[in-house]
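Q: Input: one structure, supplied below.
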Amino acid sequence: MHSNPQLNKNGELQHLLTIEGLPATLLTQILDTAQSFIGVTEREVKKLPLLRGKAIFNLFFEPSTRTRTTFEIAAKRLSADVINLNISTSSHSKGETLLDTIDNLEAMHADMFIVRHAQSGAAHLIAHHVAPNVHVINAGDGRHAHPTQALLDMFTIRHYKRDFTNLRVAIVGDILHSRVARSQIHALNTLGVPEVRVIAPKTLLPTGVENLGVHAYYDMQRGLKDVDVVMMLRLQSERMQGPLLPSAQEFFKYYGLTAEKLAAAKPDAIVMHPGPMNRGVEIDSSVADGPRSVILPQVTFGIAVRMAVMSMLAGN
Amino acid sequence: MKIHIKNGRIIDPKNGTDAVQDLFIAAGKVLSLGRAPDAYHPNRVIDASNRVVCPGLIDLSARLREPGFEYKATLESEMQAAVAGGITSLACPPDTDPPLDEPGLVEMLKHRAKSLNQSRVYPLGALTQGLNGERITEMAELHDAGCIAFSQANAPLSDTNVLRCAMQYAVTFGYTVWLRPQDAQLARGGVAHDGVVATRLGLPAIPGCAETIALSTILLLAKETGARIHLCRLSTAEGVEMVRQAKNQGLAITCDIAATHVHLSEMDLGFFDANCNLIPPLRSLRDRDALRMGLKDGTIDALCSDHTPVDDDAKLLPFAEAESGATGLELLLPLTLKWAAETKIPLSQALAKITQIPAKILGIDTGHLTPGHAADVCIFDPQRYWKVEPMALKSQGKNTPFLGLELQGRVCYTLVEGHVVYEG
């Protein structure tokens with residue numbers, strides 16, 4: 001497992017497992033393709049025949065509502081047959097291994113797997129295992145990557161800010177455990193954002209985070225100063241029990257996004273969140289529902305972006 | 001049985017021999033080197049031209065998976081792997097199922113191993129009952145049953161008082177305590193070195209201080225109790241420096257590292273290669289270079305295979321769920337030779353790390369080719385390249401980060417007590 005498994009010999013997308021290692025032209029191509037699908041999603045008849053006859057398995061080893069649903073909608077708009085599997089309640093609990101599950105589904109002539117798994121690297125493992133005509137999309141693996149989330153975030157930023165090369169972007173919250181943050185960081189750097197910041201207490205920053213191409217801040221006032229985009233992260237409730245944080249209240253007081261803290265950002269800064277939000281933990285309702293929030297458009301754009309990825313993987 | 005090994009390059013680090021000579025064996029012992037004894041009529045002549053003839057290798061850590069894990073490997077398969085790797089003596093850690101914490105288990109293992117008539121097996125007794133880190137074992141009884149030293153293997157020993165008592169008790173009887181320094185809390189849940197790669201891949205990490213904090217506790221207690229300590233599988237640059245200083249102060253400690261860690265670092269994880277899920281984790285390039293330096297200057301005494309056969313299914317899992325460990329018996333020699341070639345040190349100095357020195361750590365009288373002593377011999381072709389692939393390995397464990405790579409150095413013959421136990 002040493003060669004980049006995402007690209008085929010012609011440099012085309014074979015699987016989408018992580019943003020890391022993908023060229024800027026490819027990311028831009030995905031965003032452009034998504035842009036062309038936006039019109040479709042707004043039409044009366046929201047269907048295209050690009051994936052007609054293809055069997056797409058939504059394979060979720062971890063619970064998810066938004067990601068699974070938007071993938072399902074995206075696949076259906078491309079006329080694919082979608083099969084949803086929540087494995088946490090199925091064969092996994094009967095002791096079947098991950099790759100046995102994959103083998104069985106492949107025997108049912110799956111064309112594409114959309115995989116979410118609690119372990120980093122699960123999507124790579126599956127991609128390494130499947131036949132060459134089967135494609136894998138990583139819908140979130142452990143703390144590692146969530147590439148379609150990062151792509152829809154990039155789509156959203158481009159929609160509101162037009163250009164990546166003059167932006168200052170801050171990612172706020174639990175970077176340590178966040179696959180979203182890792183994918184966002186790679187995407188922002190690849191697309192030429194000159195300054196990417198992460199803001200969190202040191203317990204929520206991974207060792208050597210600067211090596212990913214970010215500047216680390218521990219203070220919201222300084223970290224949000226003059227930024228164009230604020231990307232909030234969800235703080236999982238189980239993180240509040242362990243030794244990483246004293247309480248949700250203190251976290252909110254120092255790292256929760258409030259109107260007051262947002263005032264440090266540029267006046268036209270947009271606020272993003274991958275959802276689901278913890279109101280009053282990482283973000284205040286007045287900001288989440290406020291005029292600078294683009295959280296709901298993110299969800300809408302997510303469908304077009306996932307359509308783009310699926311159609312490109314299928315060779316369109 | 002009289003065996004005449006002729007024209008080989010005999011390298012015996014202990015006796016300072018490195019010359020093309022003949023070796024004469026009779027009645028299980030080395031009879032002489034150089035000239036044939038009077039009236040010597042060999043039953044067999046082995047031509048060792050262009051081969052190296054050295055003492056049989058001594059491995060400080062090989063898991064044979066018996067009792068309890070026979071589905072991963074059996075004593076038969078792993079003993080064959082050992083002799084195929086030129087290893088004639090090996091120490092096996094107590095983390096079997098059940099752990100080696102009762103004399104009966106140790107006697108059975110010794111008996112089973114002896115009946116196979118291959119390498120000599122030296123069990124390490126469990127330091128605490130069930131390796132649970134709470135009560136010390138009946139060390140004297142275990143020693144009488146055949147345990148050569150006492151170890152906690154990879155099981156945590158969080159209670160410092162238990163650790164201190166274990167050292168005090170061991171020193172009472174003059175036993176060596178083998179410990180792998182790792183703070184259990186700092187390492188909890190971790191599967192990779194806390195560095196750039198784990199950060200990038202989003203893998204739960206084990207910081208370097210998990211090793212150094214435990215190491216400082218061990219070193220302070222060793223000084224206080226006077227216990228003889230063997231440190232297993234060091235992995236950090238800071239750890240090596242602490243051992244260097246402790247040795248300079250005259251502390252009675254020795255230490256080993258795994259041969260994999262001489263060559264690999266966190267960078268080798270690639271795209272989640274589960275074969276790189278190892279204990280301790282592959283650390284940074286800086287750490288690896290410090291290990292190599294420590295090995296060269298003698299801070300690190302010995303190299304071991306840390307052989308841990310894992311079945312394929314246990315590796316075909318996401319990285320963090322995969323079982324740790326790699327097969328190693330058949331790689332110990334080539335990885336040692338690779339290090340010697342890269343470091344440009346004499347072969348004799350490198351072979352000492354897997355013959356004479358580990359024998360001394362174990363307190364056994366092998367690892368040399370002195371006339372009158374047991375003829376445990378390894379004959380290998382130092383030039384021959386071979387590809388590491390499942391078919392090429394005798395061990396039931398086929399998983400190693402070196403899979404698919406070519407290594408140089410292949411064993412041709414292995415002799416234990418004057419008998420040929422392996423022919424390549």
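Chain lettering (A, B, ...) mirrors the order of the structure tokens, residue numbering begins at 1 for each chain separately, and ligand numbering begins at 1 in order of display.
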Would you give me, as an MDAnalysis selection string, the residues of chain A that come within 8 Å of chain B, using only C-alpha atoms?
A: chainID A and resid 1:4 97:99 119:122 124:125 142:145 176:177 179 182 206:209 211:212
Q: Could the residues in this selection be saved with N, CA and C atoms as a PDB file, in the first residue's frame?
A:
```pdb
ATOM      1  N   MET A   1       0.839  -1.194   0.000  1.00  0.00           N
ATOM      2  CA  MET A   1       0.000   0.000   0.000  1.00  0.00           C
ATOM      3  C   MET A   1       0.873   1.242   0.000  1.00  0.00           C
ATOM      4  N   HIS A   2       1.722   1.353  -0.990  1.00  0.00           N
ATOM      5  CA  HIS A   2       2.618   2.493  -1.025  1.00  0.00           C
ATOM      6  C   HIS A   2       2.367   3.418  -2.207  1.00  0.00           C
ATOM      7  N   SER A   3       1.676   2.940  -3.230  1.00  0.00           N
ATOM      8  CA  SER A   3       1.394   3.828  -4.345  1.00  0.00           C
ATOM      9  C   SER A   3       0.066   4.523  -4.080  1.00  0.00           C
ATOM     10  N   ASN A   4      -0.081   5.702  -4.667  1.00  0.00           N
ATOM     11  CA  ASN A   4      -1.311   6.453  -4.465  1.00  0.00           C
ATOM     12  C   ASN A   4      -2.464   5.708  -5.122  1.00  0.00           C
ATOM     13  N   THR A  97     -16.130  -9.834   9.097  1.00  0.00           N
ATOM     14  CA  THR A  97     -15.092  -8.814   8.982  1.00  0.00           C
ATOM     15  C   THR A  97     -15.476  -7.820   7.897  1.00  0.00           C
ATOM     16  N   LEU A  98     -14.787  -6.682   7.953  1.00  0.00           N
ATOM     17  CA  LEU A  98     -15.049  -5.610   7.004  1.00  0.00           C
ATOM     18  C   LEU A  98     -14.901  -6.105   5.566  1.00  0.00           C
ATOM     19  N   LEU A  99     -13.804  -6.816   5.283  1.00  0.00           N
ATOM     20  CA  LEU A  99     -13.559  -7.232   3.904  1.00  0.00           C
ATOM     21  C   LEU A  99     -14.480  -8.366   3.470  1.00  0.00           C
ATOM     22  N   GLN A 119     -12.713   3.854  11.809  1.00  0.00           N
ATOM     23  CA  GLN A 119     -11.257   3.716  11.842  1.00  0.00           C
ATOM     24  C   GLN A 119     -10.583   4.442  10.682  1.00  0.00           C
ATOM     25  N   SER A 120      -9.559   5.195  11.016  1.00  0.00           N
ATOM     26  CA  SER A 120      -8.743   5.830   9.978  1.00  0.00           C
ATOM     27  C   SER A 120      -8.165   4.751   9.070  1.00  0.00           C
ATOM     28  N   GLY A 121      -8.257   4.974   7.771  1.00  0.00           N
ATOM     29  CA  GLY A 121      -7.658   4.023   6.824  1.00  0.00           C
ATOM     30  C   GLY A 121      -8.616   2.967   6.319  1.00  0.00           C
ATOM     31  N   ALA A 122      -9.844   2.933   6.837  1.00  0.00           N
ATOM     32  CA  ALA A 122     -10.779   1.886   6.412  1.00  0.00           C
ATOM     33  C   ALA A 122     -11.083   1.982   4.914  1.00  0.00           C
ATOM     34  N   HIS A 124      -9.170   3.226   2.573  1.00  0.00           N
ATOM     35  CA  HIS A 124      -7.982   2.780   1.832  1.00  0.00           C
ATOM     36  C   HIS A 124      -7.930   1.258   1.768  1.00  0.00           C
ATOM     37  N   LEU A 125      -8.238   0.639   2.896  1.00  0.00           N
ATOM     38  CA  LEU A 125      -8.218  -0.824   2.952  1.00  0.00           C
ATOM     39  C   LEU A 125      -9.197  -1.409   1.937  1.00  0.00           C
ATOM     40  N   GLY A 142     -12.552   7.505  10.490  1.00  0.00           N
ATOM     41  CA  GLY A 142     -11.903   7.853  11.752  1.00  0.00           C
ATOM     42  C   GLY A 142     -11.586   9.333  11.830  1.00  0.00           C
ATOM     43  N   ARG A 143     -10.322   9.613  12.147  1.00  0.00           N
ATOM     44  CA  ARG A 143      -9.888  10.997  12.239  1.00  0.00           C
ATOM     45  C   ARG A 143      -9.194  11.429  10.956  1.00  0.00           C
ATOM     46  N   HIS A 144      -9.209  10.554   9.963  1.00  0.00           N
ATOM     47  CA  HIS A 144      -8.320  10.778   8.833  1.00  0.00           C
ATOM     48  C   HIS A 144      -8.847  11.749   7.785  1.00  0.00           C
ATOM     49  N   ALA A 145      -9.930  11.393   7.125  1.00  0.00           N
ATOM     50  CA  ALA A 145     -10.341  12.216   5.987  1.00  0.00           C
ATOM     51  C   ALA A 145     -11.851  12.173   5.761  1.00  0.00           C
ATOM     52  N   LEU A 176      -7.839  17.845  16.563  1.00  0.00           N
ATOM     53  CA  LEU A 176      -7.205  16.550  16.845  1.00  0.00           C
ATOM     54  C   LEU A 176      -8.020  15.371  16.314  1.00  0.00           C
ATOM     55  N   HIS A 177      -9.310  15.372  16.595  1.00  0.00           N
ATOM     56  CA  HIS A 177     -10.128  14.223  16.224  1.00  0.00           C
ATOM     57  C   HIS A 177     -10.865  14.416  14.904  1.00  0.00           C
ATOM     58  N   ARG A 179     -11.636  14.543  11.072  1.00  0.00           N
ATOM     59  CA  ARG A 179     -11.319  14.192   9.685  1.00  0.00           C
ATOM     60  C   ARG A 179     -11.693  15.334   8.752  1.00  0.00           C
ATOM     61  N   ARG A 182      -8.777  17.850   8.726  1.00  0.00           N
ATOM     62  CA  ARG A 182      -7.619  17.397   7.945  1.00  0.00           C
ATOM     63  C   ARG A 182      -7.886  17.552   6.444  1.00  0.00           C
ATOM     64  N   PRO A 206      -3.388  18.256  17.084  1.00  0.00           N
ATOM     65  CA  PRO A 206      -2.459  17.133  16.979  1.00  0.00           C
ATOM     66  C   PRO A 206      -1.009  17.611  16.962  1.00  0.00           C
ATOM     67  N   THR A 207      -0.112  16.739  17.359  1.00  0.00           N
ATOM     68  CA  THR A 207       1.312  17.057  17.388  1.00  0.00           C
ATOM     69  C   THR A 207       1.796  17.492  16.004  1.00  0.00           C
ATOM     70  N   GLY A 208       2.503  18.594  15.976  1.00  0.00           N
ATOM     71  CA  GLY A 208       3.096  19.036  14.712  1.00  0.00           C
ATOM     72  C   GLY A 208       2.069  19.439  13.677  1.00  0.00           C
ATOM     73  N   VAL A 209       0.966  20.032  14.132  1.00  0.00           N
ATOM     74  CA  VAL A 209      -0.110  20.397  13.193  1.00  0.00           C
ATOM     75  C   VAL A 209       0.398  21.389  12.141  1.00  0.00           C
ATOM     76  N   ASN A 211       2.924  21.208  10.437  1.00  0.00           N
ATOM     77  CA  ASN A 211       3.437  20.485   9.268  1.00  0.00           C
ATOM     78  C   ASN A 211       2.369  20.247   8.206  1.00  0.00           C
ATOM     79  N   LEU A 212       1.109  20.385   8.595  1.00  0.00           N
ATOM     80  CA  LEU A 212       0.038  20.229   7.615  1.00  0.00           C
ATOM     81  C   LEU A 212      -0.128  21.499   6.791  1.00  0.00           C
TER      82      LEU A 212
END
```
Q: Tell me which protein, DNA and RNA residues are within 12 Å of Ile253 (chain B), counting only C-alpha atoms, leaving out same-chain ones fewer than 2 positions away, and put them as an NGL selection string.
A: :B and (176-179 or 215 or 218-223 or 226-232 or 242-251 or 255-256 or 299-301 or 361)
Q: Can I get the selection written as a PDB file, in the first residue's frame, with C-alpha atoms?
A:
```
ATOM      1  CA  THR B 176      17.447 -10.370  35.514  1.00  0.00           C
ATOM      2  CA  VAL B 177      14.261  -8.389  34.935  1.00  0.00           C
ATOM      3  CA  TRP B 178      13.338  -7.643  31.317  1.00  0.00           C
ATOM      4  CA  LEU B 179      11.212  -4.585  30.780  1.00  0.00           C
ATOM      5  CA  LEU B 215      12.405   4.469  31.383  1.00  0.00           C
ATOM      6  CA  ILE B 218      12.915   1.879  35.660  1.00  0.00           C
ATOM      7  CA  LEU B 219      16.387   3.404  35.801  1.00  0.00           C
ATOM      8  CA  LEU B 220      15.772   5.026  39.186  1.00  0.00           C
ATOM      9  CA  LEU B 221      14.395   1.792  40.625  1.00  0.00           C
ATOM     10  CA  ALA B 222      17.248  -0.218  39.123  1.00  0.00           C
ATOM     11  CA  LYS B 223      19.700   2.063  40.842  1.00  0.00           C
ATOM     12  CA  GLY B 226      20.471  -2.976  42.446  1.00  0.00           C
ATOM     13  CA  ALA B 227      18.442  -5.183  40.125  1.00  0.00           C
ATOM     14  CA  ARG B 228      19.937  -6.245  36.829  1.00  0.00           C
ATOM     15  CA  ILE B 229      17.687  -4.890  34.113  1.00  0.00           C
ATOM     16  CA  HIS B 230      17.441  -5.720  30.453  1.00  0.00           C
ATOM     17  CA  LEU B 231      15.561  -3.057  28.517  1.00  0.00           C
ATOM     18  CA  CYS B 232      13.586  -4.371  25.585  1.00  0.00           C
ATOM     19  CA  MET B 242      19.082   8.122  28.851  1.00  0.00           C
ATOM     20  CA  VAL B 243      20.471   4.599  28.574  1.00  0.00           C
ATOM     21  CA  ARG B 244      23.828   5.971  27.441  1.00  0.00           C
ATOM     22  CA  GLN B 245      24.040   8.181  30.500  1.00  0.00           C
ATOM     23  CA  ALA B 246      22.873   5.437  32.844  1.00  0.00           C
ATOM     24  CA  LYS B 247      25.528   3.110  31.480  1.00  0.00           C
ATOM     25  CA  ASN B 248      28.161   5.800  31.886  1.00  0.00           C
ATOM     26  CA  GLN B 249      27.150   5.985  35.533  1.00  0.00           C
ATOM     27  CA  GLY B 250      27.809   2.280  35.846  1.00  0.00           C
ATOM     28  CA  LEU B 251      24.253   0.991  36.101  1.00  0.00           C
ATOM     29  CA  CYS B 255      19.213  -3.202  26.085  1.00  0.00           C
ATOM     30  CA  ASP B 256      18.004  -4.409  22.723  1.00  0.00           C
ATOM     31  CA  THR B 299      24.658   1.830  23.992  1.00  0.00           C
ATOM     32  CA  ILE B 300      22.247  -0.658  22.482  1.00  0.00           C
ATOM     33  CA  ASP B 301      23.730  -4.064  23.113  1.00  0.00           C
ATOM     34  CA  ILE B 361      22.579 -11.101  28.245  1.00  0.00           C
TER      35      ILE B 361
END
```
Q: Assign secondary structure with DSSP using the backbone only, and return the residues of region 53-284 of chain A in strand (DSSP E) as a ChimeraX atom specification.
A: /A:55-60,81-86,112-117,135-141,168-172,195-199,215-217,229-232,270-272
Q: For the structure I just gave you, how does DSSP split region 114-297 of chain B - specifically, which residues are helix (DSSP H, G or I)? Reply as a ChimeraX atom specification.
A: /B:114-115,129-131,139-145,160-173,184-187,196-201,209-225,237-248,259-263,266-269,274-276,285-297
